[in-house]
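Structure file data-v9.pdb with PDB, C-alpha atoms:
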```
ATOM      1  CA  LEU A   1      -3.565  39.731 -80.342  1.00  0.00           C
ATOM      2  CA  ALA A   2      -4.894  42.053 -83.020  1.00  0.00           C
ATOM      3  CA  LYS A   3      -7.394  44.614 -81.727  1.00  0.00           C
ATOM      4  CA  THR A   4     -10.687  44.920 -83.575  1.00  0.00           C
ATOM      5  CA  THR A   5     -13.048  47.876 -83.879  1.00  0.00           C
ATOM      6  CA  GLN A   6     -16.643  47.546 -85.025  1.00  0.00           C
ATOM      7  CA  PRO A   7     -19.778  49.708 -84.711  1.00  0.00           C
ATOM      8  CA  ILE A   8     -21.627  49.398 -81.431  1.00  0.00           C
ATOM      9  CA  SER A   9     -25.022  49.083 -83.075  1.00  0.00           C
ATOM     10  CA  MET A  10     -26.821  49.026 -86.416  1.00  0.00           C
ATOM     11  CA  ASP A  11     -30.449  49.107 -87.454  1.00  0.00           C
ATOM     12  CA  SER A  12     -32.006  47.568 -90.545  1.00  0.00           C
ATOM     13  CA  TYR A  13     -35.358  46.798 -92.040  1.00  0.00           C
ATOM     14  CA  GLU A  14     -36.352  43.273 -92.874  1.00  0.00           C
ATOM     15  CA  GLY A  15     -35.339  42.238 -96.385  1.00  0.00           C
ATOM     16  CA  GLN A  16     -32.370  44.577 -96.631  1.00  0.00           C
ATOM     17  CA  GLU A  17     -28.737  43.615 -96.996  1.00  0.00           C
ATOM     18  CA  VAL A  18     -26.642  44.437 -93.936  1.00  0.00           C
ATOM     19  CA  ASN A  19     -22.905  45.045 -94.025  1.00  0.00           C
ATOM     20  CA  ILE A  20     -20.942  45.179 -90.768  1.00  0.00           C
ATOM     21  CA  THR A  21     -17.352  46.341 -91.077  1.00  0.00           C
ATOM     22  CA  CYS A  22     -14.596  45.457 -88.650  1.00  0.00           C
ATOM     23  CA  SER A  23     -11.237  47.228 -88.519  1.00  0.00           C
ATOM     24  CA  HIS A  24      -8.105  45.293 -87.532  1.00  0.00           C
ATOM     25  CA  ASN A  25      -5.164  47.455 -88.512  1.00  0.00           C
ATOM     26  CA  ASN A  26      -2.477  45.361 -86.816  1.00  0.00           C
ATOM     27  CA  ILE A  27      -3.554  41.975 -88.122  1.00  0.00           C
ATOM     28  CA  ALA A  28      -0.632  39.565 -88.403  1.00  0.00           C
ATOM     29  CA  THR A  29       0.294  37.485 -91.421  1.00  0.00           C
ATOM     30  CA  ASN A  30      -0.897  34.252 -89.794  1.00  0.00           C
ATOM     31  CA  ASP A  31      -4.157  35.635 -88.400  1.00  0.00           C
ATOM     32  CA  TYR A  32      -7.614  34.489 -89.441  1.00  0.00           C
ATOM     33  CA  ILE A  33     -10.829  36.540 -89.249  1.00  0.00           C
ATOM     34  CA  THR A  34     -13.877  34.927 -87.721  1.00  0.00           C
ATOM     35  CA  TRP A  35     -17.393  36.238 -87.107  1.00  0.00           C
ATOM     36  CA  TYR A  36     -19.786  34.960 -84.464  1.00  0.00           C
ATOM     37  CA  GLN A  37     -23.469  35.621 -83.826  1.00  0.00           C
ATOM     38  CA  GLN A  38     -24.987  35.673 -80.345  1.00  0.00           C
ATOM     39  CA  PHE A  39     -28.646  35.725 -79.348  1.00  0.00           C
ATOM     40  CA  PRO A  40     -29.645  36.775 -75.809  1.00  0.00           C
ATOM     41  CA  SER A  41     -28.893  34.142 -73.160  1.00  0.00           C
ATOM     42  CA  GLN A  42     -27.223  31.823 -75.658  1.00  0.00           C
ATOM     43  CA  GLY A  43     -23.633  31.001 -76.525  1.00  0.00           C
ATOM     44  CA  PRO A  44     -22.093  32.607 -79.609  1.00  0.00           C
ATOM     45  CA  ARG A  45     -22.488  30.708 -82.850  1.00  0.00           C
ATOM     46  CA  PHE A  46     -19.867  30.559 -85.595  1.00  0.00           C
ATOM     47  CA  ILE A  47     -20.977  32.318 -88.784  1.00  0.00           C
ATOM     48  CA  ILE A  48     -18.029  32.523 -91.137  1.00  0.00           C
ATOM     49  CA  GLN A  49     -14.251  32.541 -91.242  1.00  0.00           C
ATOM     50  CA  GLY A  50     -11.742  33.785 -93.777  1.00  0.00           C
ATOM     51  CA  TYR A  51      -8.121  34.612 -94.408  1.00  0.00           C
ATOM     52  CA  LYS A  52      -8.195  36.742 -97.556  1.00  0.00           C
ATOM     53  CA  THR A  53     -10.451  37.740-100.481  1.00  0.00           C
ATOM     54  CA  LYS A  54     -14.045  36.568-100.256  1.00  0.00           C
ATOM     55  CA  VAL A  55     -15.727  33.703 -98.481  1.00  0.00           C
ATOM     56  CA  THR A  56     -19.383  32.784 -98.848  1.00  0.00           C
ATOM     57  CA  ASN A  57     -21.541  30.221 -97.104  1.00  0.00           C
ATOM     58  CA  GLU A  58     -25.257  29.610 -96.796  1.00  0.00           C
ATOM     59  CA  VAL A  59     -25.833  32.416 -94.304  1.00  0.00           C
ATOM     60  CA  ALA A  60     -23.289  35.162 -95.017  1.00  0.00           C
ATOM     61  CA  SER A  61     -20.386  36.479 -97.038  1.00  0.00           C
ATOM     62  CA  LEU A  62     -17.097  37.792 -95.751  1.00  0.00           C
ATOM     63  CA  PHE A  63     -15.170  40.339 -97.779  1.00  0.00           C
ATOM     64  CA  ILE A  64     -11.494  40.893 -96.981  1.00  0.00           C
ATOM     65  CA  PRO A  65      -9.476  43.484 -98.936  1.00  0.00           C
ATOM     66  CA  ALA A  66      -5.924  42.810-100.060  1.00  0.00           C
ATOM     67  CA  ASP A  67      -4.333  44.656 -97.122  1.00  0.00           C
ATOM     68  CA  ARG A  68      -6.498  42.649 -94.653  1.00  0.00           C
ATOM     69  CA  LYS A  69      -6.776  45.650 -92.319  1.00  0.00           C
ATOM     70  CA  SER A  70     -10.541  45.382 -92.309  1.00  0.00           C
ATOM     71  CA  SER A  71     -13.272  42.899 -93.126  1.00  0.00           C
ATOM     72  CA  THR A  72     -16.974  43.167 -93.885  1.00  0.00           C
ATOM     73  CA  LEU A  73     -19.635  40.693 -92.892  1.00  0.00           C
ATOM     74  CA  SER A  74     -22.532  40.791 -95.329  1.00  0.00           C
ATOM     75  CA  LEU A  75     -25.936  39.399 -94.399  1.00  0.00           C
ATOM     76  CA  PRO A  76     -28.274  39.185 -97.420  1.00  0.00           C
ATOM     77  CA  ARG A  77     -31.947  40.006 -96.945  1.00  0.00           C
ATOM     78  CA  VAL A  78     -32.049  40.023 -93.149  1.00  0.00           C
ATOM     79  CA  SER A  79     -35.085  38.888 -91.222  1.00  0.00           C
ATOM     80  CA  LEU A  80     -36.278  39.625 -87.702  1.00  0.00           C
ATOM     81  CA  SER A  81     -34.493  36.489 -86.521  1.00  0.00           C
ATOM     82  CA  ASP A  82     -31.142  38.019 -87.479  1.00  0.00           C
ATOM     83  CA  THR A  83     -31.467  40.463 -84.592  1.00  0.00           C
ATOM     84  CA  ALA A  84     -28.422  39.604 -82.510  1.00  0.00           C
ATOM     85  CA  VAL A  85     -24.933  40.717 -81.518  1.00  0.00           C
ATOM     86  CA  TYR A  86     -22.206  40.061 -84.073  1.00  0.00           C
ATOM     87  CA  TYR A  87     -18.576  39.684 -83.013  1.00  0.00           C
ATOM     88  CA  CYS A  88     -15.508  40.060 -85.196  1.00  0.00           C
ATOM     89  CA  LEU A  89     -12.417  38.197 -84.003  1.00  0.00           C
ATOM     90  CA  VAL A  90      -8.868  38.042 -85.265  1.00  0.00           C
ATOM     91  CA  HIS A  91      -6.741  35.129 -84.151  1.00  0.00           C
ATOM     92  CA  THR A  92      -3.975  32.763 -85.102  1.00  0.00           C
ATOM     93  CA  GLY A  93      -4.700  29.425 -86.697  1.00  0.00           C
ATOM     94  CA  THR A  94      -3.889  27.377 -83.621  1.00  0.00           C
ATOM     95  CA  ALA A  95      -5.842  26.764 -80.438  1.00  0.00           C
ATOM     96  CA  SER A  96      -5.185  29.944 -78.517  1.00  0.00           C
ATOM     97  CA  LYS A  97      -6.861  32.700 -76.592  1.00  0.00           C
ATOM     98  CA  LEU A  98      -9.605  34.527 -78.426  1.00  0.00           C
ATOM     99  CA  THR A  99     -10.615  38.085 -77.621  1.00  0.00           C
ATOM    100  CA  PHE A 100     -14.270  39.034 -77.907  1.00  0.00           C
ATOM    101  CA  GLY A 101     -15.006  42.751 -77.975  1.00  0.00           C
ATOM    102  CA  THR A 102     -18.431  44.213 -77.282  1.00  0.00           C
ATOM    103  CA  GLY A 103     -19.611  43.342 -80.800  1.00  0.00           C
ATOM    104  CA  THR A 104     -22.204  45.020 -83.013  1.00  0.00           C
ATOM    105  CA  ARG A 105     -25.804  44.881 -81.903  1.00  0.00           C
ATOM    106  CA  LEU A 106     -27.975  44.501 -85.015  1.00  0.00           C
ATOM    107  CA  GLN A 107     -31.645  45.346 -84.676  1.00  0.00           C
ATOM    108  CA  VAL A 108     -33.913  44.270 -87.533  1.00  0.00           C
ATOM    109  CA  THR A 109     -37.429  45.693 -87.711  1.00  0.00           C
ATOM    110  CA  LEU A 110     -40.396  45.433 -90.053  1.00  0.00           C
TER     111      LEU A 110
ATOM    112  CA  ASP B   1     -25.372  14.425 -81.360  1.00  0.00           C
ATOM    113  CA  GLY B   2     -22.003  16.075 -80.904  1.00  0.00           C
ATOM    114  CA  GLY B   3     -21.792  19.208 -78.870  1.00  0.00           C
ATOM    115  CA  ILE B   4     -21.150  20.930 -75.585  1.00  0.00           C
ATOM    116  CA  THR B   5     -23.416  20.675 -72.584  1.00  0.00           C
ATOM    117  CA  GLN B   6     -23.420  22.943 -69.564  1.00  0.00           C
ATOM    118  CA  SER B   7     -25.267  22.423 -66.345  1.00  0.00           C
ATOM    119  CA  PRO B   8     -27.139  23.716 -64.575  1.00  0.00           C
ATOM    120  CA  LYS B   9     -28.868  26.345 -66.698  1.00  0.00           C
ATOM    121  CA  TYR B  10     -29.413  28.520 -63.609  1.00  0.00           C
ATOM    122  CA  LEU B  11     -27.387  28.419 -60.406  1.00  0.00           C
ATOM    123  CA  PHE B  12     -27.863  30.280 -57.170  1.00  0.00           C
ATOM    124  CA  ARG B  13     -24.995  30.962 -54.815  1.00  0.00           C
ATOM    125  CA  LYS B  14     -25.154  31.983 -51.192  1.00  0.00           C
ATOM    126  CA  GLU B  15     -22.609  34.285 -49.632  1.00  0.00           C
ATOM    127  CA  GLY B  16     -19.333  32.497 -48.883  1.00  0.00           C
ATOM    128  CA  GLN B  17     -20.273  29.442 -50.877  1.00  0.00           C
ATOM    129  CA  ASN B  18     -18.248  27.761 -53.592  1.00  0.00           C
ATOM    130  CA  VAL B  19     -20.217  26.531 -56.603  1.00  0.00           C
ATOM    131  CA  THR B  20     -19.148  24.403 -59.548  1.00  0.00           C
ATOM    132  CA  LEU B  21     -20.356  24.771 -63.111  1.00  0.00           C
ATOM    133  CA  SER B  22     -20.217  21.720 -65.327  1.00  0.00           C
ATOM    134  CA  CYS B  23     -19.002  21.636 -68.948  1.00  0.00           C
ATOM    135  CA  GLU B  24     -18.851  18.456 -71.018  1.00  0.00           C
ATOM    136  CA  GLN B  25     -18.031  18.024 -74.704  1.00  0.00           C
ATOM    137  CA  ASN B  26     -18.159  14.989 -76.978  1.00  0.00           C
ATOM    138  CA  LEU B  27     -16.473  16.647 -79.942  1.00  0.00           C
ATOM    139  CA  ASN B  28     -13.081  15.120 -79.133  1.00  0.00           C
ATOM    140  CA  HIS B  29     -11.665  18.631 -78.907  1.00  0.00           C
ATOM    141  CA  ASP B  30      -8.369  19.198 -77.143  1.00  0.00           C
ATOM    142  CA  ALA B  31      -8.884  22.807 -76.056  1.00  0.00           C
ATOM    143  CA  MET B  32     -11.608  24.085 -73.736  1.00  0.00           C
ATOM    144  CA  TYR B  33     -12.425  27.551 -72.468  1.00  0.00           C
ATOM    145  CA  TRP B  34     -14.475  29.360 -69.849  1.00  0.00           C
ATOM    146  CA  TYR B  35     -15.841  32.846 -70.448  1.00  0.00           C
ATOM    147  CA  ARG B  36     -17.808  35.258 -68.349  1.00  0.00           C
ATOM    148  CA  GLN B  37     -20.329  37.661 -69.878  1.00  0.00           C
ATOM    149  CA  ASP B  38     -21.884  40.581 -68.029  1.00  0.00           C
ATOM    150  CA  PRO B  39     -25.045  42.295 -69.331  1.00  0.00           C
ATOM    151  CA  GLY B  40     -24.423  44.243 -72.537  1.00  0.00           C
ATOM    152  CA  GLN B  41     -20.763  43.273 -72.566  1.00  0.00           C
ATOM    153  CA  GLY B  42     -18.571  40.992 -74.608  1.00  0.00           C
ATOM    154  CA  LEU B  43     -17.043  37.755 -73.391  1.00  0.00           C
ATOM    155  CA  ARG B  44     -14.060  37.755 -71.054  1.00  0.00           C
ATOM    156  CA  LEU B  45     -11.780  34.754 -70.778  1.00  0.00           C
ATOM    157  CA  ILE B  46     -11.493  33.172 -67.317  1.00  0.00           C
ATOM    158  CA  TYR B  47      -9.420  30.023 -67.893  1.00  0.00           C
ATOM    159  CA  TYR B  48      -8.482  27.826 -70.795  1.00  0.00           C
ATOM    160  CA  SER B  49      -6.970  24.393 -71.256  1.00  0.00           C
ATOM    161  CA  GLN B  50      -5.233  23.178 -74.375  1.00  0.00           C
ATOM    162  CA  ILE B  51      -4.628  19.647 -73.136  1.00  0.00           C
ATOM    163  CA  VAL B  52      -5.605  17.313 -70.307  1.00  0.00           C
ATOM    164  CA  ASN B  53      -4.005  18.090 -66.942  1.00  0.00           C
ATOM    165  CA  ASP B  54      -2.926  21.539 -68.073  1.00  0.00           C
ATOM    166  CA  PHE B  55      -4.665  24.915 -67.963  1.00  0.00           C
ATOM    167  CA  GLN B  56      -3.811  28.599 -68.058  1.00  0.00           C
ATOM    168  CA  LYS B  57      -5.302  31.712 -66.542  1.00  0.00           C
ATOM    169  CA  GLY B  58      -7.223  34.015 -68.786  1.00  0.00           C
ATOM    170  CA  ASP B  59      -7.854  37.706 -68.290  1.00  0.00           C
ATOM    171  CA  ILE B  60     -10.062  37.459 -65.173  1.00  0.00           C
ATOM    172  CA  ALA B  61      -9.024  34.272 -63.331  1.00  0.00           C
ATOM    173  CA  GLU B  62      -9.114  35.677 -59.786  1.00  0.00           C
ATOM    174  CA  GLY B  63     -11.795  34.014 -57.685  1.00  0.00           C
ATOM    175  CA  TYR B  64     -12.152  31.059 -60.040  1.00  0.00           C
ATOM    176  CA  SER B  65     -10.553  27.622 -60.298  1.00  0.00           C
ATOM    177  CA  VAL B  66     -10.670  24.833 -62.875  1.00  0.00           C
ATOM    178  CA  SER B  67      -9.544  21.272 -63.421  1.00  0.00           C
ATOM    179  CA  ARG B  68      -8.973  19.210 -66.562  1.00  0.00           C
ATOM    180  CA  GLU B  69      -8.732  15.587 -65.515  1.00  0.00           C
ATOM    181  CA  LYS B  70     -10.532  14.268 -68.601  1.00  0.00           C
ATOM    182  CA  LYS B  71     -10.485  15.461 -72.182  1.00  0.00           C
ATOM    183  CA  GLU B  72     -14.250  15.840 -72.318  1.00  0.00           C
ATOM    184  CA  SER B  73     -14.742  17.696 -69.036  1.00  0.00           C
ATOM    185  CA  PHE B  74     -13.675  21.157 -67.834  1.00  0.00           C
ATOM    186  CA  PRO B  75     -15.537  22.174 -64.652  1.00  0.00           C
ATOM    187  CA  LEU B  76     -15.329  25.721 -63.308  1.00  0.00           C
ATOM    188  CA  THR B  77     -15.543  26.507 -59.603  1.00  0.00           C
ATOM    189  CA  VAL B  78     -16.622  29.969 -58.561  1.00  0.00           C
ATOM    190  CA  THR B  79     -15.065  30.435 -55.140  1.00  0.00           C
ATOM    191  CA  SER B  80     -16.116  32.674 -52.271  1.00  0.00           C
ATOM    192  CA  ALA B  81     -13.199  34.930 -53.232  1.00  0.00           C
ATOM    193  CA  GLN B  82     -15.129  36.024 -56.323  1.00  0.00           C
ATOM    194  CA  LYS B  83     -17.065  38.957 -54.857  1.00  0.00           C
ATOM    195  CA  ASN B  84     -19.192  39.718 -57.889  1.00  0.00           C
ATOM    196  CA  PRO B  85     -20.044  36.356 -59.450  1.00  0.00           C
ATOM    197  CA  THR B  86     -23.416  37.251 -60.955  1.00  0.00           C
ATOM    198  CA  ALA B  87     -22.980  36.734 -64.698  1.00  0.00           C
ATOM    199  CA  PHE B  88     -23.595  34.449 -67.657  1.00  0.00           C
ATOM    200  CA  TYR B  89     -20.897  31.777 -67.922  1.00  0.00           C
ATOM    201  CA  LEU B  90     -20.047  30.183 -71.253  1.00  0.00           C
ATOM    202  CA  CYS B  91     -17.934  27.132 -71.943  1.00  0.00           C
ATOM    203  CA  ALA B  92     -16.366  26.535 -75.352  1.00  0.00           C
ATOM    204  CA  SER B  93     -14.128  24.012 -77.031  1.00  0.00           C
ATOM    205  CA  THR B  94     -12.068  23.922 -80.145  1.00  0.00           C
ATOM    206  CA  SER B  95      -9.997  21.581 -82.184  1.00  0.00           C
ATOM    207  CA  ASP B  96      -6.454  22.680 -82.722  1.00  0.00           C
ATOM    208  CA  GLN B  97      -6.403  21.288 -86.216  1.00  0.00           C
ATOM    209  CA  GLY B  98      -5.893  24.050 -88.737  1.00  0.00           C
ATOM    210  CA  ALA B  99      -7.994  27.192 -88.556  1.00  0.00           C
ATOM    211  CA  VAL B 100      -9.768  27.509 -85.232  1.00  0.00           C
ATOM    212  CA  THR B 101     -13.520  27.646 -84.681  1.00  0.00           C
ATOM    213  CA  GLN B 102     -14.870  27.735 -81.133  1.00  0.00           C
ATOM    214  CA  TYR B 103     -18.040  25.844 -80.293  1.00  0.00           C
ATOM    215  CA  PHE B 104     -20.018  27.172 -77.375  1.00  0.00           C
ATOM    216  CA  GLY B 105     -22.323  25.569 -74.863  1.00  0.00           C
ATOM    217  CA  PRO B 106     -25.724  27.014 -73.931  1.00  0.00           C
ATOM    218  CA  GLY B 107     -24.383  28.805 -70.851  1.00  0.00           C
ATOM    219  CA  THR B 108     -25.074  28.892 -67.119  1.00  0.00           C
ATOM    220  CA  ARG B 109     -26.530  31.943 -65.450  1.00  0.00           C
ATOM    221  CA  LEU B 110     -25.190  32.398 -61.915  1.00  0.00           C
ATOM    222  CA  LEU B 111     -27.116  34.493 -59.444  1.00  0.00           C
ATOM    223  CA  VAL B 112     -26.245  35.432 -55.887  1.00  0.00           C
ATOM    224  CA  LEU B 113     -28.875  35.065 -53.175  1.00  0.00           C
TER     225      LEU B 113
END
```
Would you mind writing the file out in structure tokens?
Amino acid sequence: LAKTTQPISMDSYEGQEVNITCSHNNIATNDYITWYQQFPSQGPRFIIQGYKTKVTNEVASLFIPADRKSSTLSLPRVSLSDTAVYYCLVHTGTASKLTFGTGTRLQVTL
Amino acid sequence: DGGITQSPKYLFRKEGQNVTLSCEQNLNHDAMYWYRQDPGQGLRLIYYSQIVNDFQKGDIAEGYSVSREKKESFPLTVTSAQKNPTAFYLCASTSDQGAVTQYFGPGTRLLVL
């Protein structure tokens, strides 16, 4: 399983764009990159998933460089409700064990 | 509505007691998982099952047991052998079709009396 490294915490003001970078130097050819969001006392919620280049959905964008050794989750114009822990996972494309690290705790303030 | 349900939301365990946490899904997913989360920490995998009547130990299986008699159900028993059971327990499921996305239940918080 590829190991991931991401910042422990980040702070942002409401309305700003937030970029959270995850390093995964030993990512395998068949691995996908998935980001989850978790609010206190709730289960993690899927945000976005990608394999290469850029993926965008209604809540976030995921940028993956050509070497795939890192990825960046971009949250446009964050609000107070985006305060949460964000997890970066690297995994194969079949039902298998997933490894959640400690994630990045994002604090959004006015 | 499709999803994962966990019950109860809060559970209290007495010393030496076994307790069972319920997890049910109606997503028709083959694989199900149990995680434990301690305050300020990430999730740690306890057990997982990729198909009915089969399951594997995760990273912290000691003191826990599971069963998978039905596709939609994956109950977790916290036994008396688990000396530090106080934690937030999360159940998840996933389809094994193509790229994997795990869907999580709302969690059960277990406290020791």
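The smallest atom-to-atom distance between chain A and any of B:Ile60, B:Ala81, B:Cys23, B:Ala92, using only C-alpha atoms, is found for B:Ala92.
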As an exercise, work out the distance from atom CA of Phe88 of chain B to atom CA of Thr20 of chain B in Å and give it to one decimal place.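 Separation between atom CA of Phe88 of chain B and atom CA of Thr20 of chain B: 13.7 Å.
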When the cut-off is 10 Å and we count only C-alpha atoms, which residues of chain B are near chain A, given as a VMD selection string? chain B and resid 30 to 33 35 37 39 to 45 47 to 50 56 58 to 59 88 to 109
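Note that the spacing between atom CA of Ser65 of chain B and atom CA of Asp38 of chain B amounts to 18.9 Å.
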Got a sec to resolve the PyMOL selection byres ((chain A and resi 14) around 12) on this structure and send the residues as an mmCIF file with C-alpha atoms, keeping the file's coordinate frame?
```
data_model
loop_
_atom_site.group_PDB
_atom_site.id
_atom_site.type_symbol
_atom_site.label_atom_id
_atom_site.label_comp_id
_atom_site.auth_asym_id
_atom_site.auth_seq_id
_atom_site.Cartn_x
_atom_site.Cartn_y
_atom_site.Cartn_z
ATOM 1 C CA ASP A 11 -30.449 49.107 -87.454
ATOM 2 C CA SER A 12 -32.006 47.568 -90.545
ATOM 3 C CA TYR A 13 -35.358 46.798 -92.040
ATOM 4 C CA GLY A 15 -35.339 42.238 -96.385
ATOM 5 C CA GLN A 16 -32.370 44.577 -96.631
ATOM 6 C CA GLU A 17 -28.737 43.615 -96.996
ATOM 7 C CA VAL A 18 -26.642 44.437 -93.936
ATOM 8 C CA LEU A 75 -25.936 39.399 -94.399
ATOM 9 C CA PRO A 76 -28.274 39.185 -97.420
ATOM 10 C CA ARG A 77 -31.947 40.006 -96.945
ATOM 11 C CA VAL A 78 -32.049 40.023 -93.149
ATOM 12 C CA SER A 79 -35.085 38.888 -91.222
ATOM 13 C CA LEU A 80 -36.278 39.625 -87.702
ATOM 14 C CA SER A 81 -34.493 36.489 -86.521
ATOM 15 C CA ASP A 82 -31.142 38.019 -87.479
ATOM 16 C CA THR A 83 -31.467 40.463 -84.592
ATOM 17 C CA LEU A 106 -27.975 44.501 -85.015
ATOM 18 C CA GLN A 107 -31.645 45.346 -84.676
ATOM 19 C CA VAL A 108 -33.913 44.270 -87.533
ATOM 20 C CA THR A 109 -37.429 45.693 -87.711
ATOM 21 C CA LEU A 110 -40.396 45.433 -90.053
#
```
At a cut-off of 7 Å, using only C-alpha atoms, what residues contact Thr86 of chain B? Leave out same-chain residues fewer than 5 positions from it and give the result as a list in words.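 Here the answer would be Leu110, Leu111 and Val112 of chain B.
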Output of the PyMOL selection byres ((chain A and resi 71) around 9), listed as a VMD selection string: chain A and resid 20 to 24 33 62 to 65 68 to 70 72 to 73 88
So what do you get for atom CA of Lys71 of chain B versus atom CA of Pro8 of chain B, distance-wise? 20.1 Å
Once the PyMOL selection byres ((chain B and resi 18) around 12) is applied to the coordinates I shared, what remains selected? I want it as number ranges by chain. B: 11-17, 19-21, 63-65, 76-83, 85, 110, 112
Set up a box along x, y and z of the file covering all listed atoms of segment 103-109 of chain B, add 5 Å on every one of the six sides, and write the centre and edge lengths in Å to one decimal, as AutoDock Vina command-line options.
```
--center_x -22.3 --center_y 28.8 --center_z -72.9 --size_x 18.5 --size_y 16.4 --size_z 24.8
```
If we count all atoms listed in the file, what is near Lys3 of chain A at a cut-off of 8 Å, once residues fewer than 3 positions away on the same chain are taken out, given as a PyMOL selection string? chain A and resi 24-27+90
Between B:Ala87, B:Leu27, B:Trp34, B:Tyr10, which one has atoms that come closest to Lys57 of chain B, using only C-alpha atoms?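 Ranked by minimum distance to Lys57 of chain B, first place goes to B:Trp34.
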